[in-house]
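Data file: entry11.txt. Format and content: compact mmCIF, C-alpha atoms and all ligand atoms.
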# COMPACT_ATOMS: atom_id res chain seq x y z
CA MET M 1 64.69 78.57 143.36
CA ASN M 2 66.83 81.62 144.04
CA LEU M 3 69.02 83.34 141.51
CA ASN M 4 72.18 85.38 142.08
CA GLN M 5 70.64 88.53 143.55
CA GLN M 6 73.63 90.61 142.55
CA PHE M 7 72.19 90.74 139.05
CA ASP M 8 69.19 92.70 140.36
CA LEU M 9 71.69 95.54 140.77
CA VAL M 10 73.22 95.24 137.30
CA ARG M 11 71.73 97.00 134.33
CA GLN M 12 71.75 95.42 130.86
CA SER M 13 74.43 97.01 128.71
CA PRO M 14 72.44 99.95 127.30
CA THR M 15 74.53 100.18 124.15
CA VAL M 16 74.26 96.48 123.32
CA SER M 17 70.51 96.29 124.02
CA LEU M 18 69.93 99.45 121.97
CA SER M 19 71.84 97.94 119.04
CA ASP M 20 69.63 94.86 119.23
CA ARG M 21 66.53 97.08 119.05
CA ILE M 22 67.86 99.10 116.08
CA ASN M 23 68.72 95.90 114.21
CA ALA M 24 65.18 94.64 114.79
CA LEU M 25 63.73 97.94 113.49
CA LYS M 26 65.98 97.77 110.41
CA ALA M 27 65.00 94.15 109.80
CA GLY M 28 61.37 95.35 109.86
CA GLY M 29 62.13 97.74 106.98
CA ARG M 30 62.67 101.07 108.83
CA SER M 31 65.31 103.27 107.22
CA LEU M 32 67.55 104.58 109.99
CA VAL M 33 70.85 106.39 110.34
CA GLY M 34 72.62 104.34 112.99
CA LEU M 35 75.07 106.49 114.93
CA GLN M 36 74.81 104.48 118.13
CA VAL M 37 77.53 101.83 117.93
CA GLY M 38 81.14 101.86 119.08
CA ASP M 39 82.25 99.63 116.25
CA PRO M 40 84.54 100.93 113.48
CA ASP M 41 82.87 101.04 110.08
CA PHE M 42 86.19 99.88 108.57
CA ASN M 43 86.68 96.20 107.84
CA THR M 44 89.66 94.33 109.26
CA HIS M 45 92.59 94.67 106.84
CA PRO M 46 92.73 91.69 104.41
CA SER M 47 96.31 90.79 105.36
CA ILE M 48 95.20 90.25 108.99
CA ILE M 49 92.42 87.98 107.74
CA ASP M 50 94.97 86.10 105.58
CA ALA M 51 97.19 85.59 108.63
CA ALA M 52 94.26 83.98 110.49
CA LEU M 53 93.32 81.80 107.52
CA ARG M 54 96.89 80.59 107.08
CA ALA M 55 97.07 79.83 110.80
CA MET M 56 93.87 77.76 110.65
CA GLN M 57 95.02 75.90 107.55
CA GLY M 58 98.37 75.32 109.25
CA GLY M 59 96.66 73.49 112.12
CA LEU M 60 96.30 76.17 114.81
CA THR M 61 92.85 74.86 115.64
CA HIS M 62 93.61 73.28 119.02
CA TYR M 63 93.71 74.71 122.54
CA GLY M 64 96.54 77.13 123.16
CA PRO M 65 98.22 78.36 126.34
CA ALA M 66 95.73 80.06 128.71
CA ILE M 67 98.02 83.04 129.23
CA GLY M 68 98.29 83.56 125.46
CA THR M 69 100.84 82.47 122.87
CA LYS M 70 104.43 83.52 123.45
CA GLU M 71 104.46 85.18 120.03
CA LEU M 72 101.48 87.41 120.83
CA ARG M 73 102.66 88.27 124.35
CA GLN M 74 106.00 89.31 122.86
CA ALA M 75 104.23 91.40 120.21
CA ILE M 76 102.17 93.10 122.96
CA ALA M 77 105.30 93.83 125.01
CA ALA M 78 106.98 95.28 121.91
CA LYS M 79 103.91 97.44 121.21
CA LEU M 80 103.85 98.76 124.79
CA GLN M 81 107.54 99.60 124.53
CA ARG M 82 107.20 101.17 121.06
CA ASP M 83 104.02 103.20 121.65
CA GLU M 84 104.04 103.93 125.39
CA GLY M 85 107.69 103.58 126.41
CA VAL M 86 106.82 101.05 129.16
CA THR M 87 108.64 97.76 129.63
CA TYR M 88 106.64 94.61 130.41
CA ASP M 89 107.94 91.06 130.81
CA PRO M 90 105.93 89.00 128.29
CA ALA M 91 106.51 85.87 130.39
CA SER M 92 104.86 87.09 133.58
CA GLU M 93 103.25 90.52 133.16
CA ILE M 94 101.01 90.11 130.09
CA MET M 95 97.94 87.98 129.49
CA VAL M 96 96.01 87.67 126.23
CA THR M 97 92.28 88.16 126.73
CA HIS M 98 88.97 87.87 124.93
CA GLY M 99 88.89 91.59 124.07
CA GLY M 100 89.21 94.59 126.36
CA ILE M 101 86.01 93.77 128.24
CA HIS M 102 87.45 90.41 129.32
CA ALA M 103 90.73 92.08 130.27
CA TYR M 104 88.70 94.42 132.47
CA TYR M 105 86.81 91.48 133.99
CA LEU M 106 90.08 89.63 134.72
CA ALA M 107 91.64 92.76 136.21
CA MET M 108 88.72 93.38 138.56
CA GLN M 109 88.25 89.70 139.42
CA SER M 110 91.96 89.49 140.30
CA ILE M 111 92.00 92.37 142.78
CA LEU M 112 88.51 92.84 144.27
CA ASN M 113 87.10 91.33 147.41
CA PRO M 114 83.37 91.61 148.16
CA GLY M 115 82.62 94.99 149.72
CA ASP M 116 85.64 96.79 148.25
CA ASP M 117 84.93 100.31 147.03
CA VAL M 118 85.93 101.30 143.51
CA LEU M 119 86.09 104.92 142.31
CA ILE M 120 84.73 105.38 138.79
CA PRO M 121 84.33 108.73 137.03
CA ASP M 122 80.82 109.72 135.97
CA PRO M 123 80.10 109.65 133.02
CA SER M 124 81.83 106.45 131.98
CA TRP M 125 81.14 103.31 129.89
CA ALA M 126 78.43 101.39 131.79
CA THR M 127 80.47 98.18 132.07
CA HIS M 128 82.96 99.92 134.37
CA GLU M 129 80.28 100.15 137.04
CA ASN M 130 78.36 96.98 136.14
CA MET M 131 81.44 94.74 136.35
CA THR M 132 82.29 96.15 139.76
CA THR M 133 78.76 95.40 140.96
CA MET M 134 78.77 91.90 139.44
CA LEU M 135 81.92 91.15 141.41
CA ARG M 136 80.28 92.41 144.61
CA GLY M 137 82.30 95.58 144.81
CA ASN M 138 80.72 99.00 145.42
CA ALA M 139 81.01 101.46 142.58
CA ILE M 140 81.43 105.02 143.87
CA ARG M 141 80.94 107.49 141.08
CA VAL M 142 83.26 110.49 140.95
CA PRO M 143 81.67 113.53 139.26
CA ALA M 144 83.29 114.46 135.97
CA PRO M 145 80.88 117.17 134.79
CA ALA M 146 80.96 118.90 131.43
CA GLU M 147 82.05 122.12 133.18
CA ALA M 148 85.26 120.34 134.28
CA GLY M 149 85.89 119.04 130.76
CA PHE M 150 84.57 115.61 131.87
CA ILE M 151 87.66 115.00 134.01
CA PRO M 152 87.18 114.70 137.82
CA GLN M 153 88.75 117.45 139.85
CA PHE M 154 91.15 116.36 142.58
CA ASP M 155 88.88 117.36 145.42
CA SER M 156 86.21 115.08 143.89
CA TRP M 157 88.58 112.08 144.01
CA LEU M 158 89.39 112.93 147.62
CA LYS M 159 85.76 113.37 148.58
CA ALA M 160 84.84 109.98 147.08
CA LEU M 161 87.62 108.14 148.92
CA THR M 162 86.62 105.73 151.74
CA PRO M 163 88.65 103.43 154.00
CA GLN M 164 87.40 100.52 151.83
CA THR M 165 88.57 102.05 148.53
CA LYS M 166 90.62 99.49 146.65
CA ALA M 167 90.93 100.84 143.12
CA ILE M 168 90.26 103.65 140.73
CA VAL M 169 89.09 102.99 137.19
CA LEU M 170 90.26 105.26 134.38
CA ASN M 171 89.25 105.26 130.74
CA TYR M 172 91.08 107.76 128.59
CA PRO M 173 90.32 108.75 125.90
CA SER M 174 86.87 108.32 127.38
CA ASN M 175 83.81 106.56 126.09
CA PRO M 176 81.47 108.51 125.85
CA THR M 177 83.11 111.96 126.04
CA GLY M 178 86.42 111.59 124.15
CA ALA M 179 88.10 113.53 126.96
CA TYR M 180 91.53 112.71 128.30
CA PRO M 181 93.65 114.53 130.85
CA THR M 182 97.10 116.02 130.59
CA ARG M 183 100.20 114.03 131.42
CA GLU M 184 100.61 116.17 134.55
CA TYR M 185 97.12 115.29 135.77
CA LEU M 186 97.71 111.56 135.29
CA GLY M 187 101.03 111.81 137.13
CA ARG M 188 99.27 113.54 140.02
CA LEU M 189 96.57 110.89 140.01
CA GLN M 190 99.24 108.20 140.28
CA ASP M 191 100.65 110.07 143.31
CA PHE M 192 97.14 110.07 144.80
CA ALA M 193 96.84 106.31 144.17
CA LYS M 194 100.21 105.73 145.78
CA GLU M 195 99.35 107.82 148.82
CA TYR M 196 96.11 105.89 149.44
CA ASN M 197 97.41 102.48 148.35
CA LEU M 198 95.01 102.07 145.43
CA TRP M 199 95.16 99.99 142.27
CA VAL M 200 94.79 101.98 139.05
CA VAL M 201 92.77 100.08 136.46
CA SER M 202 93.29 101.91 133.19
CA ASP M 203 91.09 101.05 130.21
CA GLU M 204 93.03 102.34 127.20
CA VAL M 205 91.10 100.71 124.35
CA TYR M 206 90.84 104.12 122.63
CA GLY M 207 94.49 104.98 123.36
CA SER M 208 95.47 105.20 119.70
CA LEU M 209 92.50 107.38 118.72
CA TYR M 210 93.35 110.97 119.54
CA TYR M 211 93.24 114.27 117.67
CA GLY M 212 95.86 116.31 119.50
CA LYS M 213 98.79 115.36 121.67
CA ARG M 214 99.13 111.59 122.26
CA PRO M 215 97.40 110.61 125.55
CA ALA M 216 99.80 109.36 128.23
CA CYS M 217 99.64 105.71 129.27
CA ALA M 218 98.75 105.37 132.98
CA ALA M 219 101.68 103.01 133.57
CA ALA M 220 104.26 105.39 132.08
CA PHE M 221 105.15 107.16 135.33
CA GLU M 222 107.89 106.48 137.85
CA GLY M 223 106.76 103.57 140.05
CA ALA M 224 103.28 103.45 138.46
CA LYS M 225 103.64 100.00 136.87
CA GLU M 226 103.49 98.31 140.27
CA ARG M 227 99.93 99.43 140.92
CA THR M 228 98.56 99.82 137.38
CA LEU M 229 96.47 97.29 135.48
CA LEU M 230 96.42 98.16 131.77
CA ILE M 231 93.45 97.12 129.67
CA ASN M 232 93.71 97.24 125.90
CA SER M 233 92.51 95.46 122.79
CA LEU M 234 92.74 95.40 119.02
CA SER M 235 89.01 96.09 118.65
CA LYS M 236 88.94 99.83 118.05
CA SER M 237 92.50 100.56 116.93
CA TYR M 238 92.74 97.75 114.34
CA ALA M 239 89.03 97.50 113.43
CA MET M 240 88.88 93.99 114.93
CA THR M 241 85.86 94.15 117.27
CA GLY M 242 84.46 90.77 116.20
CA TRP M 243 87.77 88.95 116.67
CA ARG M 244 87.59 89.33 120.46
CA VAL M 245 91.24 89.79 121.29
CA GLY M 246 92.91 92.10 123.77
CA PHE M 247 95.26 92.02 126.71
CA LEU M 248 95.88 92.74 130.36
CA ALA M 249 99.33 94.08 131.34
CA ALA M 250 99.86 94.14 135.10
CA PRO M 251 102.18 93.11 137.94
CA ALA M 252 103.02 89.37 137.87
CA ARG M 253 100.92 88.56 140.96
CA VAL M 254 97.85 90.08 139.31
CA ILE M 255 98.51 88.10 136.13
CA ALA M 256 98.83 84.93 138.25
CA ASN M 257 95.27 85.47 139.53
CA ALA M 258 93.98 86.49 136.09
CA LEU M 259 95.43 83.29 134.66
CA LYS M 260 93.42 81.20 137.13
CA ALA M 261 90.26 83.14 136.23
CA GLY M 262 90.98 82.69 132.50
CA GLN M 263 91.80 78.99 132.76
CA ASN M 264 88.56 78.37 134.60
CA SER M 265 86.29 80.42 132.35
CA ILE M 266 87.39 80.64 128.71
CA THR M 267 90.46 78.28 128.64
CA CYS M 268 92.21 80.41 126.00
CA VAL M 269 91.71 82.80 123.11
CA ALA M 270 91.61 80.92 119.77
CA PRO M 271 95.24 80.41 118.67
CA PHE M 272 94.58 81.36 115.02
CA ILE M 273 93.12 84.67 116.24
CA GLN M 274 96.22 85.21 118.35
CA LYS M 275 98.43 84.56 115.30
CA ALA M 276 96.55 87.24 113.35
CA ALA M 277 96.69 89.64 116.32
CA ALA M 278 100.46 89.20 116.63
CA PHE M 279 100.78 89.99 112.93
CA ALA M 280 98.55 93.10 113.28
CA LEU M 281 100.54 94.50 116.21
CA ALA M 282 103.93 93.96 114.61
CA ASP M 283 103.49 94.61 110.88
CA PRO M 284 104.65 98.13 109.87
CA GLU M 285 102.12 98.40 107.03
CA ILE M 286 99.26 97.68 109.44
CA GLN M 287 100.45 100.47 111.75
CA GLN M 288 100.06 102.78 108.76
CA VAL M 289 96.53 101.43 108.19
CA THR M 290 95.60 102.29 111.80
CA ALA M 291 97.11 105.76 111.38
CA ASP M 292 94.96 106.22 108.26
CA MET M 293 91.83 105.21 110.20
CA ARG M 294 92.68 107.85 112.77
CA LEU M 295 92.88 110.40 109.95
CA ALA M 296 89.46 109.32 108.70
CA TYR M 297 87.95 109.84 112.19
CA ALA M 298 89.66 113.22 112.37
CA ARG M 299 88.13 114.15 109.01
CA ARG M 300 84.64 113.21 110.24
CA ARG M 301 85.21 115.09 113.46
CA ASP M 302 86.07 118.19 111.43
CA LEU M 303 83.03 117.58 109.22
CA VAL M 304 80.70 117.65 112.26
CA LEU M 305 82.40 120.76 113.67
CA ARG M 306 82.08 122.50 110.28
CA LEU M 307 78.39 121.56 110.01
CA ALA M 308 77.71 122.70 113.58
CA HIS M 309 79.28 126.05 112.77
CA GLU M 310 77.36 126.35 109.49
CA LEU M 311 73.97 125.34 110.93
CA GLU M 312 74.32 127.61 113.98
CA CYS M 313 71.97 125.48 116.05
CA GLU M 314 71.49 126.72 119.60
CA LYS M 315 69.46 123.72 120.74
CA VAL M 316 72.27 121.20 120.47
CA LEU M 317 75.72 122.31 121.55
CA VAL M 318 78.82 120.72 120.11
CA THR M 319 82.24 120.57 121.68
CA PRO M 320 85.13 118.92 119.86
CA PRO M 321 86.11 115.50 121.24
CA HIS M 322 89.85 115.10 121.90
CA GLY M 323 89.93 111.36 121.34
CA ALA M 324 87.92 108.15 120.72
CA PHE M 325 85.23 108.30 118.02
CA TYR M 326 82.27 109.91 119.74
CA PHE M 327 80.65 113.31 120.06
CA PHE M 328 78.90 113.90 123.38
CA LEU M 329 76.25 116.32 122.16
CA ASP M 330 74.81 118.72 124.71
CA PHE M 331 70.99 118.79 124.49
CA ARG M 332 70.49 120.58 127.82
CA PRO M 333 68.92 123.63 126.11
CA LEU M 334 65.95 121.40 125.16
CA LYS M 335 65.22 120.55 128.81
CA MET M 336 64.29 116.93 128.04
CA THR M 337 65.88 113.81 129.48
CA SER M 338 68.49 112.27 127.24
CA ALA M 339 66.36 109.10 127.01
CA GLU M 340 63.45 111.17 125.69
CA VAL M 341 65.71 112.96 123.19
CA CYS M 342 66.98 109.60 121.87
CA GLU M 343 63.56 108.00 121.77
CA ARG M 344 62.09 110.92 119.82
CA LEU M 345 65.08 111.26 117.50
CA LEU M 346 64.71 107.59 116.67
CA GLU M 347 60.94 107.76 116.11
CA GLU M 348 60.64 111.23 114.54
CA ALA M 349 63.96 111.69 112.71
CA GLY M 350 65.16 108.12 112.20
CA VAL M 351 68.54 108.62 113.89
CA ALA M 352 69.82 106.13 116.46
CA LEU M 353 71.93 107.52 119.30
CA VAL M 354 72.74 106.60 122.91
CA PRO M 355 71.35 108.63 125.86
CA GLY M 356 74.04 110.15 128.04
CA SER M 357 72.23 108.87 131.13
CA ALA M 358 73.42 105.38 130.15
CA PHE M 359 76.87 106.50 131.26
CA GLY M 360 75.89 107.97 134.63
CA GLU M 361 74.15 110.87 136.26
CA TYR M 362 76.58 113.43 134.86
CA GLY M 363 75.81 112.25 131.33
CA GLU M 364 72.18 113.33 131.69
CA GLY M 365 71.26 116.01 129.14
CA PHE M 366 73.87 114.68 126.68
CA VAL M 367 73.63 112.22 123.83
CA ARG M 368 76.43 110.09 122.38
CA MET M 369 76.84 110.14 118.61
CA THR M 370 79.48 107.94 116.97
CA ILE M 371 81.63 109.01 114.04
CA ALA M 372 82.57 105.38 113.42
CA ALA M 373 80.24 105.49 110.42
CA SER M 374 80.68 106.66 106.82
CA ASP M 375 81.12 110.40 106.15
CA GLU M 376 77.73 110.36 104.39
CA GLU M 377 75.96 108.77 107.37
CA VAL M 378 77.64 111.13 109.83
CA GLU M 379 76.64 114.15 107.77
CA ALA M 380 73.06 112.96 107.10
CA GLY M 381 72.59 111.95 110.74
CA PHE M 382 73.94 115.19 112.15
CA ARG M 383 71.80 117.30 109.79
CA LYS M 384 68.69 115.36 110.86
CA ILE M 385 69.59 115.84 114.53
CA VAL M 386 69.94 119.60 114.13
CA ALA M 387 66.77 119.91 112.03
CA TRP M 388 64.84 117.97 114.70
CA ALA M 389 66.30 120.03 117.55
CA GLU M 390 65.42 123.30 115.77
CA LYS M 391 61.74 122.29 115.82
CA HIS M 392 61.69 121.88 119.63
C1 LIG P 1 85.63 102.09 127.18
C2 LIG P 1 85.55 100.73 126.60
N1 LIG P 1 86.31 99.77 127.13
C3 LIG P 1 86.29 98.51 126.65
C4 LIG P 1 85.48 98.19 125.59
C5 LIG P 1 85.48 96.77 125.15
O1 LIG P 1 86.02 96.58 123.90
P1 LIG P 1 86.49 95.16 123.40
O2 LIG P 1 86.05 94.15 124.39
O3 LIG P 1 85.87 94.97 122.07
O4 LIG P 1 87.97 95.25 123.33
C6 LIG P 1 84.65 99.16 125.00
C7 LIG P 1 83.74 98.82 123.90
O5 LIG P 1 82.91 99.58 123.48
C8 LIG P 1 84.72 100.48 125.52
O6 LIG P 1 83.98 101.46 124.99
Can I see the file as structure tokens?
Ligand SMILES: Cc1ncc(COP(=O)(O)O)c(C=O)c1O
Amino acid sequence: MNLNQQFDLVRQSPTVSLSDRINALKAGGRSLVGLQVGDPDFNTHPSIIDAALRAMQGGLTHYGPAIGTKELRQAIAAKLQRDEGVTYDPASEIMVTHGGIHAYYLAMQSILNPGDDVLIPDPSWATHENMTTMLRGNAIRVPAPAEAGFIPQFDSWLKALTPQTKAIVLNYPSNPTGAYPTREYLGRLQDFAKEYNLWVVSDEVYGSLYYGKRPACAAAFEGAKERTLLINSLSKSYAMTGWRVGFLAAPARVIANALKAGQNSITCVAPFIQKAAAFALADPEIQQVTADMRLAYARRRDLVLRLAHELECEKVLVTPPHGAFYFFLDFRPLKMTSAEVCERLLEEAGVALVPGSAFGEYGEGFVRMTIAASDEEVEAGFRKIVAWAEKH
């Protein structure tokens, strides 16, 4: 019997399958420094956990509205107003989702027809391309090479454009590079999208993790809201990856489609989780906790930069990330594939990392290292990486 052949074109999530392998190695007794995951090492704040427990004890254990509870949609609208200066109607323009990945799925499912072309920068998180393929769209990768600061140049967007292009997918700050463009660039990109009648799907799950000027929200430009689909979640910013809660903010007709897709796939996000998420987004003390996490990532970022300077390694080149919690280390001087570098670092130095090729052709030669790990692990892991590279 035949299967859905579309899946022959979809790769397994390289980061998730790698994590499974590392966990198996650890379970077998190997001592490893795991710098491969995109999961904060911080635990969810206890008061968020209390909010969920109280909600469960109070009876929020039944189905809830498929679009999300009114309380959480209002908290999301208030957050978007407070942090990004954009106004969304919680009744019709916001849907609660099962994390950012589900928001991305709903966004793409709501707008794509089979055969539509989607422009996706390269490198980029593998799901951006995989989801497009799963939904029978064509992912067209737009070069975002290191030399351009991992941001596509405008002639690259233009060159990639086809008559079938339906959408562009953005993810700033970027996984894996931490890059994000200026406000002016994003404004110009919105003009480009308007000119060619494209949707802008903007994955902003790392939006609150930045080390310089706050990244602009893709919807925060004159007229941009009408064509922008915002993806966000509480996973990275509130250390709530396992809770699976996020949101899609988009024009009402997109949300109407997303609602049908949600109703017919997951029914709803657990109401007690939504209660805790609403508390997390609104509580002033929790906003301070997220700001403190950002400071911790900034401290680790500085730690790696200091070590790189001290160790003067010429085999692995380090550029400071501007956002998110990853370094995209440049191993090109070693002239090995990034898969080989990662395999050997795992076997010979006991450090787990993700090959840049997992993110696209323009990630080849680079390796992603997370700083969402303790200062000690980051330092030990980075020292091992440099010592290994020096020997090759
Ligand atoms: C760029 C990007 N978008 C979305 C997600 C999904 O996050 P979640 O579904 O936990 O919100 C991730 C997770 O690693 C990511 O890196």
**OP:** Write as a count of residues only the residues around ligand LIG 1 (chain P), taking 9 Å as the cut-off and counting only C-alpha atoms and all ligand atoms.
**Re:** 42
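Within 7 Å of Val318 (chain M), once all atoms listed in the file are used and residues closer than 3 positions along the same chain are dropped, the contacting residues are Ala308, Leu329 and Asp330 of chain M.
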Original post:
Excluding same-chain residues fewer than 6 positions from Ala51 (chain M), what lies within 9 Å of it counting only C-alpha atoms, as an MDAnalysis selection string?
Top reply: chainID M and resid 272:273 275:277 279:280
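By chain and then residue number, the residues within 7 Å of region 105-117 of chain M are M:Met131, M:Leu135, M:Arg136, M:Gly137, M:Asn138, M:Ala139, M:Ile140, M:Gln164, M:Thr165, M:Lys166, M:Leu229, M:Val254, M:Asn257, M:Ala258, M:Ala261, counting all atoms listed in the file and disregarding those fewer than 6 positions away in sequence.
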Original post:
Got a sec: who's within 6 Å of region 363-371 of chain M, counting only C-alpha atoms, leaving out chain neighbours fewer than 2 positions off, as JSON, numbers by chain?
Top reply: {"M": [35, 36, 123, 325, 326, 327, 328, 329, 330, 331, 332, 337, 338, 353, 354, 355, 356, 357, 359, 360, 361, 373]}
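Our summary of the geometry notes that CA of Pro320 (chain M) is positioned 12.3 Å from CA of Tyr180 (chain M).
Within the 10 Å cut-off around region 183-195 of chain M, using all atoms listed in the file and omitting residues fewer than 5 positions from it on the same chain, the listed residues are Ile151, Gln153, Phe154, Trp157, Leu158, Lys166, Ala167, Ile168, Leu170, Val200, Lys213, Arg214, Pro215, Ala216, Cys217, Ala218, Ala219, Ala220, Phe221, Glu222, Gly223, Ala224, Lys225, Glu226, Arg227 and Thr228 of chain M.
You will find CA of Ala91 (chain M) at 15.0 Å from CA of Lys79 (chain M).
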Original post:
In Å, how far is it from CA of Tyr211 (chain M) to CA of His322 (chain M)?
Top reply: 5.5 Å
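Minimum distance to Ala249 (chain M) across M:Tyr88, M:Phe7, M:Tyr63, M:Trp388 (counting all atoms listed in the file) occurs at M:Tyr88.
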With 4 Å on each side, where is the centre of the axis-aligned box around all listed atoms of region 82-98 of chain M, and how long are its edges in Å to one decimal, as lines of an AutoDock Vina configuration file?
center_x = 98.8
center_y = 94.9
center_z = 127.3
size_x = 27.7
size_y = 26.1
size_z = 20.5
Original post:
Restricting the calculation to only C-alpha atoms, which member of M:Pro145, M:Leu317, M:Leu32, M:Asp41 is positioned closest to Thr177 (chain M)?
Top reply: M:Pro145
For region 16-39 of chain M of the block above, can you save N, CA and C atoms as a compact mmCIF listing (two decimals), in the first residue's frame?
# COMPACT_ATOMS: atom_id res chain seq x y z
N VAL M 16 16.16 17.53 16.43
CA VAL M 16 15.44 16.61 17.31
C VAL M 16 16.07 15.22 17.24
N SER M 17 16.42 14.75 16.02
CA SER M 17 16.97 13.40 15.95
C SER M 17 18.36 13.34 16.60
N LEU M 18 19.11 14.46 16.49
CA LEU M 18 20.43 14.50 17.14
C LEU M 18 20.26 14.41 18.66
N SER M 19 19.30 15.16 19.18
CA SER M 19 19.06 15.13 20.63
C SER M 19 18.74 13.72 21.10
N ASP M 20 17.94 13.01 20.30
CA ASP M 20 17.60 11.62 20.67
C ASP M 20 18.88 10.78 20.76
N ARG M 21 19.79 10.99 19.79
CA ARG M 21 21.03 10.20 19.76
C ARG M 21 21.91 10.53 20.98
N ILE M 22 22.01 11.83 21.30
CA ILE M 22 22.84 12.25 22.45
C ILE M 22 22.28 11.64 23.74
N ASN M 23 20.94 11.70 23.87
CA ASN M 23 20.33 11.15 25.08
C ASN M 23 20.63 9.66 25.20
N ALA M 24 20.62 8.96 24.07
CA ALA M 24 20.92 7.53 24.10
C ALA M 24 22.37 7.31 24.52
N LEU M 25 23.29 8.14 24.00
CA LEU M 25 24.71 8.01 24.36
C LEU M 25 24.89 8.27 25.86
N LYS M 26 24.21 9.32 26.36
CA LYS M 26 24.31 9.65 27.79
C LYS M 26 23.76 8.51 28.64
N ALA M 27 22.64 7.95 28.20
CA ALA M 27 22.02 6.84 28.95
C ALA M 27 22.98 5.64 28.99
N GLY M 28 23.82 5.52 27.96
CA GLY M 28 24.81 4.43 27.92
C GLY M 28 26.06 4.76 28.72
N GLY M 29 26.09 5.88 29.42
CA GLY M 29 27.19 6.21 30.33
C GLY M 29 28.25 7.14 29.76
N ARG M 30 28.12 7.62 28.51
CA ARG M 30 29.11 8.55 27.96
C ARG M 30 28.98 9.91 28.63
N SER M 31 30.11 10.53 28.99
CA SER M 31 30.03 11.88 29.56
C SER M 31 30.20 12.88 28.41
N LEU M 32 29.19 13.70 28.22
CA LEU M 32 29.19 14.61 27.07
C LEU M 32 28.85 16.02 27.51
N VAL M 33 29.37 17.00 26.79
CA VAL M 33 28.90 18.38 27.00
C VAL M 33 27.90 18.62 25.87
N GLY M 34 26.65 18.77 26.25
CA GLY M 34 25.59 18.91 25.24
C GLY M 34 25.31 20.37 24.93
N LEU M 35 25.83 20.84 23.81
CA LEU M 35 25.56 22.22 23.41
C LEU M 35 24.79 22.22 22.09
N GLN M 36 23.87 21.26 21.98
CA GLN M 36 23.15 21.10 20.71
C GLN M 36 21.69 21.56 20.77
N VAL M 37 21.13 21.72 21.98
CA VAL M 37 19.68 21.95 21.99
C VAL M 37 19.29 23.43 22.02
N GLY M 38 18.09 23.70 21.54
CA GLY M 38 17.55 25.06 21.59
C GLY M 38 16.53 25.18 22.70
N ASP M 39 16.91 24.67 23.87
CA ASP M 39 15.97 24.64 24.99
C ASP M 39 16.63 25.34 26.18
